[in-house]
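To be precise, the following lines are run-v6.pdb, and they hold PDB, C-alpha atoms.
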```pdb
MODEL        1
ATOM      1  CA  MET A   1     -23.984  53.259   1.684  1.00  0.00           C
ATOM      2  CA  ARG A   2     -23.056  53.760  -1.988  1.00  0.00           C
ATOM      3  CA  THR A   3     -19.421  52.715  -1.298  1.00  0.00           C
ATOM      4  CA  TYR A   4     -20.626  49.574   0.503  1.00  0.00           C
ATOM      5  CA  THR A   5     -22.897  48.609  -2.440  1.00  0.00           C
ATOM      6  CA  ARG A   6     -20.079  49.173  -4.942  1.00  0.00           C
ATOM      7  CA  ALA A   7     -17.704  47.082  -2.822  1.00  0.00           C
ATOM      8  CA  MET A   8     -20.243  44.242  -2.588  1.00  0.00           C
ATOM      9  CA  LYS A   9     -20.771  44.283  -6.374  1.00  0.00           C
ATOM     10  CA  THR A  10     -17.015  44.174  -6.930  1.00  0.00           C
ATOM     11  CA  ILE A  11     -16.632  41.234  -4.537  1.00  0.00           C
ATOM     12  CA  GLY A  12     -19.571  39.438  -6.166  1.00  0.00           C
ATOM     13  CA  ILE A  13     -18.075  39.843  -9.638  1.00  0.00           C
ATOM     14  CA  ALA A  14     -14.665  38.653  -8.405  1.00  0.00           C
ATOM     15  CA  VAL A  15     -16.232  35.543  -6.851  1.00  0.00           C
ATOM     16  CA  CYS A  16     -18.116  34.755 -10.078  1.00  0.00           C
ATOM     17  CA  ILE A  17     -14.927  35.086 -12.148  1.00  0.00           C
ATOM     18  CA  ALA A  18     -13.006  32.877  -9.713  1.00  0.00           C
ATOM     19  CA  LEU A  19     -15.716  30.212  -9.861  1.00  0.00           C
ATOM     20  CA  ALA A  20     -15.769  30.296 -13.670  1.00  0.00           C
ATOM     21  CA  ILE A  21     -11.993  29.884 -13.867  1.00  0.00           C
ATOM     22  CA  THR A  22     -12.032  27.040 -11.338  1.00  0.00           C
ATOM     23  CA  ALA A  23     -14.762  25.197 -13.258  1.00  0.00           C
ATOM     24  CA  SER A  24     -12.895  25.436 -16.563  1.00  0.00           C
ATOM     25  CA  VAL A  25      -9.603  24.261 -15.031  1.00  0.00           C
ATOM     26  CA  GLN A  26     -11.310  21.300 -13.360  1.00  0.00           C
ATOM     27  CA  GLY A  27     -12.791  20.275 -16.711  1.00  0.00           C
ATOM     28  CA  HIS A  28      -9.354  19.363 -18.105  1.00  0.00           C
ATOM     29  CA  HIS A  29      -7.815  16.237 -16.604  1.00  0.00           C
ATOM     30  CA  SER A  30      -4.135  15.665 -16.015  1.00  0.00           C
ATOM     31  CA  PHE A  31      -2.129  12.939 -17.745  1.00  0.00           C
ATOM     32  CA  ALA A  32      -1.123  11.370 -14.409  1.00  0.00           C
ATOM     33  CA  ALA A  33      -4.723  11.132 -13.230  1.00  0.00           C
ATOM     34  CA  GLU A  34      -5.616   8.781 -16.061  1.00  0.00           C
ATOM     35  CA  PHE A  35      -2.435   7.154 -17.417  1.00  0.00           C
ATOM     36  CA  ASP A  36       0.526   5.348 -15.877  1.00  0.00           C
ATOM     37  CA  GLY A  37       3.787   6.852 -17.108  1.00  0.00           C
ATOM     38  CA  SER A  38       5.654   3.665 -16.116  1.00  0.00           C
ATOM     39  CA  LYS A  39       3.431   1.249 -18.081  1.00  0.00           C
ATOM     40  CA  ILE A  40       4.579   1.467 -21.687  1.00  0.00           C
ATOM     41  CA  GLN A  41       3.019  -0.955 -24.157  1.00  0.00           C
ATOM     42  CA  THR A  42       3.188  -1.429 -27.921  1.00  0.00           C
ATOM     43  CA  ILE A  43       0.166  -2.498 -29.962  1.00  0.00           C
ATOM     44  CA  THR A  44      -0.352  -3.077 -33.686  1.00  0.00           C
ATOM     45  CA  GLY A  45      -3.754  -2.963 -35.270  1.00  0.00           C
ATOM     46  CA  ASN A  46      -6.080  -1.496 -37.874  1.00  0.00           C
ATOM     47  CA  VAL A  47      -7.443   2.023 -37.624  1.00  0.00           C
ATOM     48  CA  VAL A  48     -11.214   2.064 -37.181  1.00  0.00           C
ATOM     49  CA  GLU A  49     -11.457   5.818 -36.782  1.00  0.00           C
ATOM     50  CA  PHE A  50      -9.204   8.849 -36.321  1.00  0.00           C
ATOM     51  CA  GLN A  51     -11.138  11.452 -34.357  1.00  0.00           C
ATOM     52  CA  TRP A  52      -9.660  14.892 -35.022  1.00  0.00           C
ATOM     53  CA  MET A  53     -11.412  16.951 -32.339  1.00  0.00           C
ATOM     54  CA  ASN A  54     -10.639  19.239 -29.428  1.00  0.00           C
ATOM     55  CA  PRO A  55      -9.207  18.968 -26.900  1.00  0.00           C
ATOM     56  CA  HIS A  56      -7.307  15.840 -28.080  1.00  0.00           C
ATOM     57  CA  ALA A  57      -7.181  13.609 -31.136  1.00  0.00           C
ATOM     58  CA  TYR A  58      -8.226   9.978 -30.621  1.00  0.00           C
ATOM     59  CA  LEU A  59      -7.458   6.795 -32.528  1.00  0.00           C
ATOM     60  CA  ILE A  60      -9.827   3.854 -32.352  1.00  0.00           C
ATOM     61  CA  VAL A  61      -7.843   0.737 -33.290  1.00  0.00           C
ATOM     62  CA  ASP A  62      -8.786  -2.950 -33.592  1.00  0.00           C
ATOM     63  CA  VAL A  63      -5.990  -5.168 -32.290  1.00  0.00           C
ATOM     64  CA  THR A  64      -5.796  -8.975 -32.449  1.00  0.00           C
ATOM     65  CA  ASP A  65      -4.827 -10.285 -29.013  1.00  0.00           C
ATOM     66  CA  GLY A  66      -2.820 -13.431 -28.202  1.00  0.00           C
ATOM     67  CA  ALA A  67      -5.970 -15.578 -28.315  1.00  0.00           C
ATOM     68  CA  GLY A  68      -6.826 -14.367 -31.829  1.00  0.00           C
ATOM     69  CA  LYS A  69      -9.710 -12.216 -30.579  1.00  0.00           C
ATOM     70  CA  THR A  70     -10.197  -8.667 -31.896  1.00  0.00           C
ATOM     71  CA  VAL A  71      -9.953  -6.105 -29.122  1.00  0.00           C
ATOM     72  CA  ARG A  72     -10.863  -2.451 -29.642  1.00  0.00           C
ATOM     73  CA  TRP A  73      -8.454   0.142 -28.219  1.00  0.00           C
ATOM     74  CA  GLY A  74      -9.029   3.830 -27.542  1.00  0.00           C
ATOM     75  CA  ILE A  75      -5.844   5.858 -27.865  1.00  0.00           C
ATOM     76  CA  GLN A  76      -5.658   9.485 -26.837  1.00  0.00           C
ATOM     77  CA  SER A  77      -3.125  11.829 -28.370  1.00  0.00           C
ATOM     78  CA  ARG A  78      -2.052  15.432 -27.948  1.00  0.00           C
ATOM     79  CA  ASN A  79      -4.101  18.502 -28.741  1.00  0.00           C
ATOM     80  CA  LEU A  80      -4.765  19.508 -32.332  1.00  0.00           C
ATOM     81  CA  SER A  81      -2.573  22.599 -32.434  1.00  0.00           C
ATOM     82  CA  ILE A  82       0.475  20.562 -31.377  1.00  0.00           C
ATOM     83  CA  LEU A  83      -0.342  17.749 -33.818  1.00  0.00           C
ATOM     84  CA  LYS A  84      -0.718  20.251 -36.681  1.00  0.00           C
ATOM     85  CA  ARG A  85       2.707  21.739 -35.893  1.00  0.00           C
ATOM     86  CA  GLN A  86       4.097  18.195 -35.981  1.00  0.00           C
ATOM     87  CA  GLY A  87       2.758  17.654 -39.498  1.00  0.00           C
ATOM     88  CA  LEU A  88      -0.332  15.583 -38.688  1.00  0.00           C
ATOM     89  CA  SER A  89      -3.803  16.286 -40.036  1.00  0.00           C
ATOM     90  CA  LYS A  90      -7.224  14.667 -39.920  1.00  0.00           C
ATOM     91  CA  GLN A  91      -6.188  12.704 -43.041  1.00  0.00           C
ATOM     92  CA  THR A  92      -3.003  11.233 -41.517  1.00  0.00           C
ATOM     93  CA  PHE A  93      -4.575   7.936 -40.396  1.00  0.00           C
ATOM     94  CA  LYS A  94      -7.240   6.276 -42.515  1.00  0.00           C
ATOM     95  CA  PRO A  95      -9.729   3.515 -41.595  1.00  0.00           C
ATOM     96  CA  GLY A  96      -8.306   0.066 -42.371  1.00  0.00           C
ATOM     97  CA  GLU A  97      -4.696   1.289 -42.233  1.00  0.00           C
ATOM     98  CA  THR A  98      -2.353  -0.797 -40.047  1.00  0.00           C
ATOM     99  CA  ILE A  99      -0.400   1.169 -37.450  1.00  0.00           C
ATOM    100  CA  THR A 100       1.842   0.408 -34.492  1.00  0.00           C
ATOM    101  CA  VAL A 101       1.404   2.529 -31.385  1.00  0.00           C
ATOM    102  CA  GLU A 102       3.702   2.763 -28.397  1.00  0.00           C
ATOM    103  CA  LEU A 103       1.558   4.082 -25.555  1.00  0.00           C
ATOM    104  CA  PHE A 104       1.224   4.744 -21.865  1.00  0.00           C
ATOM    105  CA  HIS A 105      -1.437   2.344 -20.566  1.00  0.00           C
ATOM    106  CA  HIS A 106      -4.403   3.497 -18.503  1.00  0.00           C
ATOM    107  CA  HIS A 107      -4.096   3.065 -14.713  1.00  0.00           C
ATOM    108  CA  ASP A 108      -6.754   0.344 -14.915  1.00  0.00           C
ATOM    109  CA  PRO A 109      -5.047  -2.607 -16.654  1.00  0.00           C
ATOM    110  CA  ALA A 110      -8.443  -4.042 -17.657  1.00  0.00           C
ATOM    111  CA  LYS A 111      -9.112  -1.049 -19.907  1.00  0.00           C
ATOM    112  CA  ASN A 112      -7.868  -1.049 -23.491  1.00  0.00           C
ATOM    113  CA  VAL A 113      -7.039   2.630 -23.308  1.00  0.00           C
ATOM    114  CA  GLY A 114      -3.761   4.475 -23.656  1.00  0.00           C
ATOM    115  CA  PHE A 115      -2.022   7.749 -24.415  1.00  0.00           C
ATOM    116  CA  ALA A 116       0.163   7.625 -27.534  1.00  0.00           C
ATOM    117  CA  ARG A 117       3.944   8.070 -27.372  1.00  0.00           C
ATOM    118  CA  TYR A 118       4.808   7.077 -30.947  1.00  0.00           C
ATOM    119  CA  ILE A 119       2.614   6.124 -33.880  1.00  0.00           C
ATOM    120  CA  GLN A 120       4.188   4.317 -36.849  1.00  0.00           C
ATOM    121  CA  LYS A 121       2.658   3.650 -40.251  1.00  0.00           C
ATOM    122  CA  THR A 122       3.511   0.587 -42.350  1.00  0.00           C
ATOM    123  CA  ASP A 123       5.577   2.770 -44.717  1.00  0.00           C
ATOM    124  CA  GLY A 124       7.923   3.445 -41.773  1.00  0.00           C
ATOM    125  CA  THR A 125       6.758   7.006 -41.040  1.00  0.00           C
ATOM    126  CA  LYS A 126       6.939   7.403 -37.269  1.00  0.00           C
ATOM    127  CA  TYR A 127       5.308  10.274 -35.377  1.00  0.00           C
ATOM    128  CA  ASP A 128       6.577  11.437 -31.979  1.00  0.00           C
ATOM    129  CA  VAL A 129       3.509  12.441 -29.962  1.00  0.00           C
ATOM    130  CA  ILE A 130       5.045  12.003 -26.493  1.00  0.00           C
ATOM    131  CA  PRO A 131       3.736  14.564 -24.012  1.00  0.00           C
ATOM    132  CA  GLY A 132       6.618  17.000 -23.619  1.00  0.00           C
ATOM    133  CA  GLY A 133       8.567  15.296 -26.429  1.00  0.00           C
ATOM    134  CA  ARG A 134      10.243  16.978 -29.375  1.00  0.00           C
ATOM    135  CA  GLY A 135       7.353  16.111 -31.678  1.00  0.00           C
ATOM    136  CA  GLY A 136       7.087  15.619 -35.398  1.00  0.00           C
ATOM    137  CA  ILE A 137       8.241  12.878 -37.716  1.00  0.00           C
ATOM    138  CA  VAL A 138      11.061  10.778 -36.291  1.00  0.00           C
ATOM    139  CA  PRO A 139      13.921  10.284 -38.752  1.00  0.00           C
ATOM    140  CA  PRO A 140      14.558   6.621 -39.663  1.00  0.00           C
ATOM    141  CA  ASN A 141      17.491   4.873 -38.002  1.00  0.00           C
ATOM    142  CA  PRO A 142      20.572   4.707 -40.263  1.00  0.00           C
TER
ENDMDL
END
```

Entire entry expressed as structure tokens:
Amino acid sequence: MRTYTRAMKTIGIAVCIALAITASVQGHHSFAAEFDGSKIQTITGNVVEFQWMNPHAYLIVDVTDGAGKTVRWGIQSRNLSILKRQGLSKQTFKPGETITVELFHHHDPAKNVGFARYIQKTDGTKYDVIPGGRGGIVPPNP
């Protein structure tokens, strides 16, 4: 009986661990589930906010559309540890600063949401934040 009880406890613990791991994995979405890797778009606008938080950094940017109307965009970037290694910090983008972002658009074309590929400041500094890219500051073209 003691062996049976020990075996049941071991199985119960294993099931609890498996459920905990499954729940944490499901909490993180995949790039392909949200963004379209074939829909690349470039926008230019003014930074409203740069949210430096886990698991990803976010830029909130006001962009003037073709009709002259201001449209707010939400732009997701890579995780903080990767951005730090690429030379970015929470002070990299300041409210009011004009930036140009090349991004992968959300699957829903009606949403003003994207995942950043490149972010360029008006001084010409260009950051490579492509998922799986080489990362860091892109040297200027000769």

Exercise. CA of Ile40 in chain A and CA of His107 in chain A, how far apart in Å?
Worked result: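 According to the coordinates, CA of His107 in chain A and CA of Ile40 in chain A are separated by 11.2 Å.
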
For this session: Kindly give the distance, in Å, that separates CA of Pro95 in chain A and CA of Asp123 in chain A, rounded to a single decimal.
Result: 15.6 Å

For this session: Starting from the shown file, work through the PyMOL selection byres ((chain A and resi 48-59) around 10) and note down what comes out as a PyMOL selection string.
Result: chain A and resi 28+45-47+60-62+72-83+89-98+101+114-116

Exercise. To one decimal place, how far is CA of Val113 in chain A from CA of Glu34 in chain A in Å?
Worked result: 9.6 Å

Report as JSON the centre and the edge lengths, in Å to one decimal, of the axis-aligned box holding every listed atom of range 88-98 of chain A, padded by 6 Å on each side.
```
{"center_x": -5.0, "center_y": 7.7, "center_z": -40.9, "size_x": 21.4, "size_y": 29.1, "size_z": 16.4}
```

Exercise. Near Thr100 in chain A, counting all atoms listed in the file, which residues have an atom at most 10 Å away, once you skip same-chain residues fewer than 5 positions from it, shown as a ChimeraX atom specification?
Worked result: /A:42-47,61,63,118-122,124,126

For this session: Evaluate the PyMOL selection byres ((chain A and resi 104) around 8) and record the selected residues as a list in words, following the chain and residue labels used in the document.
Result: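 When the PyMOL selection byres ((chain A and resi 104) around 8) is applied, the selected residues are Phe35, Asp36, Gly37, Ser38, Lys39, Ile40, Gln41, Glu102, Leu103, His105, His106, Gly114, Phe115, Ala116 and Arg117 of chain A.
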